[in-house]
Amino acid sequence: MAHDDGDRHHHDHGSDLSEMQLRTRALETILLEKGYIDPASIDVLIETYEKKIGPRNGAQVVAKAWVDPTFRQWLFEDGTAAIGSLGFGGRSGNHLVALENTPAVHNMTVCTLCSCYPWAVLGLPPLWYKSAPYRSRAVADPRGVLADFGVTLPKDTEIRVWDSTAELRYLVVPMRPAGTDGWSEEKLAKLVTRDSMIGTGFPKNPGDAS
Amino acid sequence: MNGGQDLGGTDGHGPVMPEPNEPVFHAEWEKRAFALTLAMGMPGGWNIDMGRFVRENRPPGEYLAMSYYQIWFAALEQMSKERGLMADDEIAAGHSLRPPKSVKRILSPADVAKTLHRGGPTERDTNMPAAFRPGDAVRMKNINPPTHTRLPRYVRGHAGVIERVIGCHVFPDSNATGAGENPQWLYTVRFDGRELWGADGDPSVTVSVDAWEPYLLSAG
């Protein structure tokens, strides 16, 4: 299903891709010739979001919250400061709020009006997060959306959906998987998936750690 | 604006389609469109709310048919033209045809990390007291400005509860039009799913939005 979507996406926008390539090149040329941009900055920006800022940052936050009760308390009281202490923050992460999943409450984040996403801890959002299906239904039918991810929650679990309409950025802290007693933060971080920090998935099972 | 971007609760968009092992970018041009947009923020001088309005302010059919980075690209072209940084004939030629407009600063490679780390905090000092406290009952105003707003249609007119007083933050409705930051108290407001979606709504669901004081009426 997901594979079909990939094909459809590329097919639908197939003719646009080369056109967009040309248009982007033209715009970049003009901006360069005018001296509005430094080409090296463009390369650094791309490299930063391809290699340095991504869900591994958030996974580190979550793993620390799993092993360190003091940090965990700080994280839920002042997400910006606690996450900032690990070196993460700034653009799309100046004001961070961590949301605690419990057996009774499952949190899920969305931006119905655009694509607000905690770049500082999760990197750039996946295509589905920016897409109309997710943005339209996450607030009205979160259980239906979770089903699209193969996620089913007990009927009596409260689902809290957070629509990011301001500059607060939300990070879901999933529950620590059972069977991970004594694991190090580094090892635990490998279980933390991007989707589990958006609220559309769970961490990996200890047996799936790689 | 009541545009194609205000998607909460709309139907017919189909299922969510996660892409396994999704790359950060799907094409080379997306990388460039993304990075050019970030880099041009400095010489361009626009703010994030102006950028959001330019992206959403297009026919809904067009908005929904465009990919995310196509929208970013179109907004970058438009904002650059509106500020006289370049013109249509230059876009057609694919080259600069006249001297640049003078700009205050451009983003140097050495400043990228610092600039990203600074980001764009929106909290501001204020002497005004906050009108609401956690637990207060509120009702969202029914407003329909043709300009930028961050009050989604699906909560307008609905009753909710103040969950959290966030702080005093830049008010996008003002900032997007160039009328200044006009900082206002910002709150997280929580709604029962059935208040928003009716008796058939899932009783186990609550939804919250972050809403500035000018969006709120007391319902206590």
# chains A, B, ... in the order shown; residues from 1 in each chain; ligands from 1
call {"tool": "closest_atom_pairs", "arguments": {"of": "chain B", "to": "chain A", "cutoff": "6 Å", "atoms": "only C-alpha atoms", "output": "JSON lines"}}
result
{"residue": "B:Gln5", "atom": "CA", "partner": "A:Leu113", "partner_atom": "CA", "distance": 5.4}
{"residue": "B:Asp6", "atom": "CA", "partner": "A:Leu113", "partner_atom": "CA", "distance": 4.9}
{"residue": "B:Leu7", "atom": "CA", "partner": "A:Ser136", "partner_atom": "CA", "distance": 4.7}
{"residue": "B:Gly8", "atom": "CA", "partner": "A:Ser136", "partner_atom": "CA", "distance": 4.2}
{"residue": "B:Gly9", "atom": "CA", "partner": "A:Ser136", "partner_atom": "CA", "distance": 5.0}
{"residue": "B:Thr10", "atom": "CA", "partner": "A:Ser136", "partner_atom": "CA", "distance": 5.3}
{"residue": "B:His13", "atom": "CA", "partner": "A:Pro133", "partner_atom": "CA", "distance": 4.9}
{"residue": "B:Gly14", "atom": "CA", "partner": "A:Pro133", "partner_atom": "CA", "distance": 5.7}
{"residue": "B:Pro15", "atom": "CA", "partner": "A:Pro133", "partner_atom": "CA", "distance": 5.8}
{"residue": "B:Val16", "atom": "CA", "partner": "A:Pro133", "partner_atom": "CA", "distance": 5.3}
{"residue": "B:Met17", "atom": "CA", "partner": "A:Ala2", "partner_atom": "CA", "distance": 5.5}
{"residue": "B:Pro18", "atom": "CA", "partner": "A:Trp128", "partner_atom": "CA", "distance": 5.8}
{"residue": "B:Glu19", "atom": "CA", "partner": "A:Ala2", "partner_atom": "CA", "distance": 5.4}
{"residue": "B:Trp29", "atom": "CA", "partner": "A:Gln21", "partner_atom": "CA", "distance": 5.1}
{"residue": "B:Ala35", "atom": "CA", "partner": "A:Ile42", "partner_atom": "CA", "distance": 5.4}
{"residue": "B:Gly94", "atom": "CA", "partner": "A:Ala26", "partner_atom": "CA", "distance": 4.4}
{"residue": "B:His95", "atom": "CA", "partner": "A:Ile30", "partner_atom": "CA", "distance": 4.9}
{"residue": "B:Ser96", "atom": "CA", "partner": "A:Ile30", "partner_atom": "CA", "distance": 4.9}
{"residue": "B:Pro100", "atom": "CA", "partner": "A:Lys34", "partner_atom": "CA", "distance": 5.0}
{"residue": "B:Ile106", "atom": "CA", "partner": "A:Tyr36", "partner_atom": "CA", "distance": 5.9}
{"residue": "B:Ser108", "atom": "CA", "partner": "A:Ser41", "partner_atom": "CA", "distance": 5.9}
{"residue": "B:Pro109", "atom": "CA", "partner": "A:Ser41", "partner_atom": "CA", "distance": 4.2}
{"residue": "B:Leu116", "atom": "CA", "partner": "A:Arg91", "partner_atom": "CA", "distance": 5.2}
{"residue": "B:His117", "atom": "CA", "partner": "A:Gly90", "partner_atom": "CA", "distance": 4.1}
{"residue": "B:Arg118", "atom": "CA", "partner": "A:Gly90", "partner_atom": "CA", "distance": 4.8}
{"residue": "B:Gly119", "atom": "CA", "partner": "A:Arg91", "partner_atom": "CA", "distance": 3.6}
{"residue": "B:Pro121", "atom": "CA", "partner": "A:Asn94", "partner_atom": "CA", "distance": 5.4}
{"residue": "B:Arg150", "atom": "CA", "partner": "A:Thr165", "partner_atom": "CA", "distance": 5.8}
{"residue": "B:Ser204", "atom": "CA", "partner": "A:Glu158", "partner_atom": "CA", "distance": 4.8}
{"residue": "B:Val205", "atom": "CA", "partner": "A:Ile159", "partner_atom": "CA", "distance": 4.8}
{"residue": "B:Thr206", "atom": "CA", "partner": "A:Arg160", "partner_atom": "CA", "distance": 5.0}
{"residue": "B:Val207", "atom": "CA", "partner": "A:Val161", "partner_atom": "CA", "distance": 4.6}
{"residue": "B:Ser208", "atom": "CA", "partner": "A:Trp162", "partner_atom": "CA", "distance": 5.0}
{"residue": "B:Val209", "atom": "CA", "partner": "A:Asp163", "partner_atom": "CA", "distance": 5.0}
{"residue": "B:Asp210", "atom": "CA", "partner": "A:Thr165", "partner_atom": "CA", "distance": 5.4}
call {"tool": "write_last_selection", "arguments": {"atoms": "C-alpha atoms", "output": "CSV table (one decimal), in the first residue's frame"}}
result
chain,number,residue,atom,x,y,z
B,5,GLN,CA,-4.8,25.1,4.1
B,6,ASP,CA,-7.4,24.9,6.9
B,7,LEU,CA,-7.8,21.1,6.6
B,8,GLY,CA,-8.9,20.0,10.1
B,9,GLY,CA,-12.1,17.9,9.9
B,10,THR,CA,-12.4,18.0,6.1
B,13,HIS,CA,-8.5,13.1,1.2
B,14,GLY,CA,-8.2,9.3,1.5
B,15,PRO,CA,-6.0,7.3,3.9
B,16,VAL,CA,-2.7,8.4,5.3
B,17,MET,CA,0.1,6.6,3.3
B,18,PRO,CA,3.3,6.3,5.3
B,19,GLU,CA,6.4,5.7,3.2
B,29,TRP,CA,15.3,20.5,-6.4
B,35,ALA,CA,17.6,25.7,1.6
B,94,GLY,CA,16.9,32.6,-15.7
B,95,HIS,CA,19.4,35.3,-14.9
B,96,SER,CA,19.7,38.6,-13.1
B,100,PRO,CA,20.5,43.8,-6.9
B,106,ILE,CA,23.0,37.7,3.8
B,108,SER,CA,27.1,33.3,5.6
B,109,PRO,CA,28.1,29.7,5.9
B,116,LEU,CA,19.4,27.8,13.2
B,117,HIS,CA,20.3,27.5,16.9
B,118,ARG,CA,18.9,30.9,17.6
B,119,GLY,CA,15.7,30.1,15.6
B,121,PRO,CA,11.6,32.7,19.6
B,150,ARG,CA,-4.1,30.6,13.3
B,204,SER,CA,-12.3,9.0,24.2
B,205,VAL,CA,-10.8,11.9,22.1
B,206,THR,CA,-9.8,15.4,23.2
B,207,VAL,CA,-8.3,17.9,20.9
B,208,SER,CA,-6.3,21.0,21.8
B,209,VAL,CA,-5.2,24.0,19.9
B,210,ASP,CA,-2.9,26.9,21.0
call {"tool": "residues_around", "arguments": {"residues": "Ile83 of chain A", "least_positions_apart": "5", "cutoff": "12 Å", "atoms": "only C-alpha atoms", "output": "PyMOL selection string"}}
result
chain A and resi 57-65+71-78+88-90+93-98+118+120-121+169-171
call {"tool": "write_last_selection", "arguments": {"atoms": "C-alpha atoms", "output": "PDB file, in the first residue's frame"}}
result
ATOM      1  CA  ASN A  57      17.942  13.907  18.545  1.00  0.00           C
ATOM      2  CA  GLY A  58      14.453  13.229  19.847  1.00  0.00           C
ATOM      3  CA  ALA A  59      15.297   9.592  20.540  1.00  0.00           C
ATOM      4  CA  GLN A  60      18.104  10.764  22.801  1.00  0.00           C
ATOM      5  CA  VAL A  61      15.639  12.950  24.734  1.00  0.00           C
ATOM      6  CA  VAL A  62      13.166  10.098  25.134  1.00  0.00           C
ATOM      7  CA  ALA A  63      15.794   7.563  26.201  1.00  0.00           C
ATOM      8  CA  LYS A  64      17.087   9.959  28.831  1.00  0.00           C
ATOM      9  CA  ALA A  65      13.542  10.490  30.114  1.00  0.00           C
ATOM     10  CA  PHE A  71      15.359  14.722  33.792  1.00  0.00           C
ATOM     11  CA  ARG A  72      11.937  13.244  33.097  1.00  0.00           C
ATOM     12  CA  GLN A  73      10.277  15.571  35.604  1.00  0.00           C
ATOM     13  CA  TRP A  74      12.148  18.582  34.200  1.00  0.00           C
ATOM     14  CA  LEU A  75      11.203  17.556  30.656  1.00  0.00           C
ATOM     15  CA  PHE A  76       7.485  17.645  31.416  1.00  0.00           C
ATOM     16  CA  GLU A  77       7.759  20.843  33.467  1.00  0.00           C
ATOM     17  CA  ASP A  78       9.943  22.806  31.056  1.00  0.00           C
ATOM     18  CA  PHE A  88      18.699  20.764  20.925  1.00  0.00           C
ATOM     19  CA  GLY A  89      16.507  23.759  20.225  1.00  0.00           C
ATOM     20  CA  GLY A  90      16.375  26.799  17.995  1.00  0.00           C
ATOM     21  CA  GLY A  93      12.110  24.126  18.581  1.00  0.00           C
ATOM     22  CA  ASN A  94      12.341  27.440  20.433  1.00  0.00           C
ATOM     23  CA  HIS A  95       9.335  26.493  22.568  1.00  0.00           C
ATOM     24  CA  LEU A  96       9.137  22.753  23.200  1.00  0.00           C
ATOM     25  CA  VAL A  97       6.512  20.789  25.100  1.00  0.00           C
ATOM     26  CA  ALA A  98       6.950  17.106  25.918  1.00  0.00           C
ATOM     27  CA  PRO A 118       9.554  19.987  15.999  1.00  0.00           C
ATOM     28  CA  ALA A 120      14.962  20.607  16.394  1.00  0.00           C
ATOM     29  CA  VAL A 121      14.261  17.125  17.752  1.00  0.00           C
ATOM     30  CA  ARG A 169       6.355  22.311  19.144  1.00  0.00           C
ATOM     31  CA  TYR A 170       5.266  19.052  20.692  1.00  0.00           C
ATOM     32  CA  LEU A 171       7.301  15.919  21.309  1.00  0.00           C
TER      33      LEU A 171
END
call {"tool": "atom_distance", "arguments": {"atom1": "atom CA of Arg98 of chain B", "atom2": "atom CA of Gly84 of chain B"}}
result
11.1 Å
call {"tool": "select_by_dssp", "arguments": {"residues": "segment 3-220 of chain B", "states": "strand (DSSP E)", "output": "VMD selection string"}}
result
chain B and resid 137 to 140 159 to 169 184 to 192 205 to 212 216 to 218
call {"tool": "atom_distance", "arguments": {"atom1": "atom CA of Asn205 of chain A", "atom2": "atom CA of Thr180 of chain A"}}
result
9.0 Å
call {"tool": "closest_residue", "arguments": {"among": "B:Ile91, B:Val103, B:Val165, B:Leu38", "to": "Trp72 of chain B", "atoms": "only C-alpha atoms"}}
result
B:Leu38
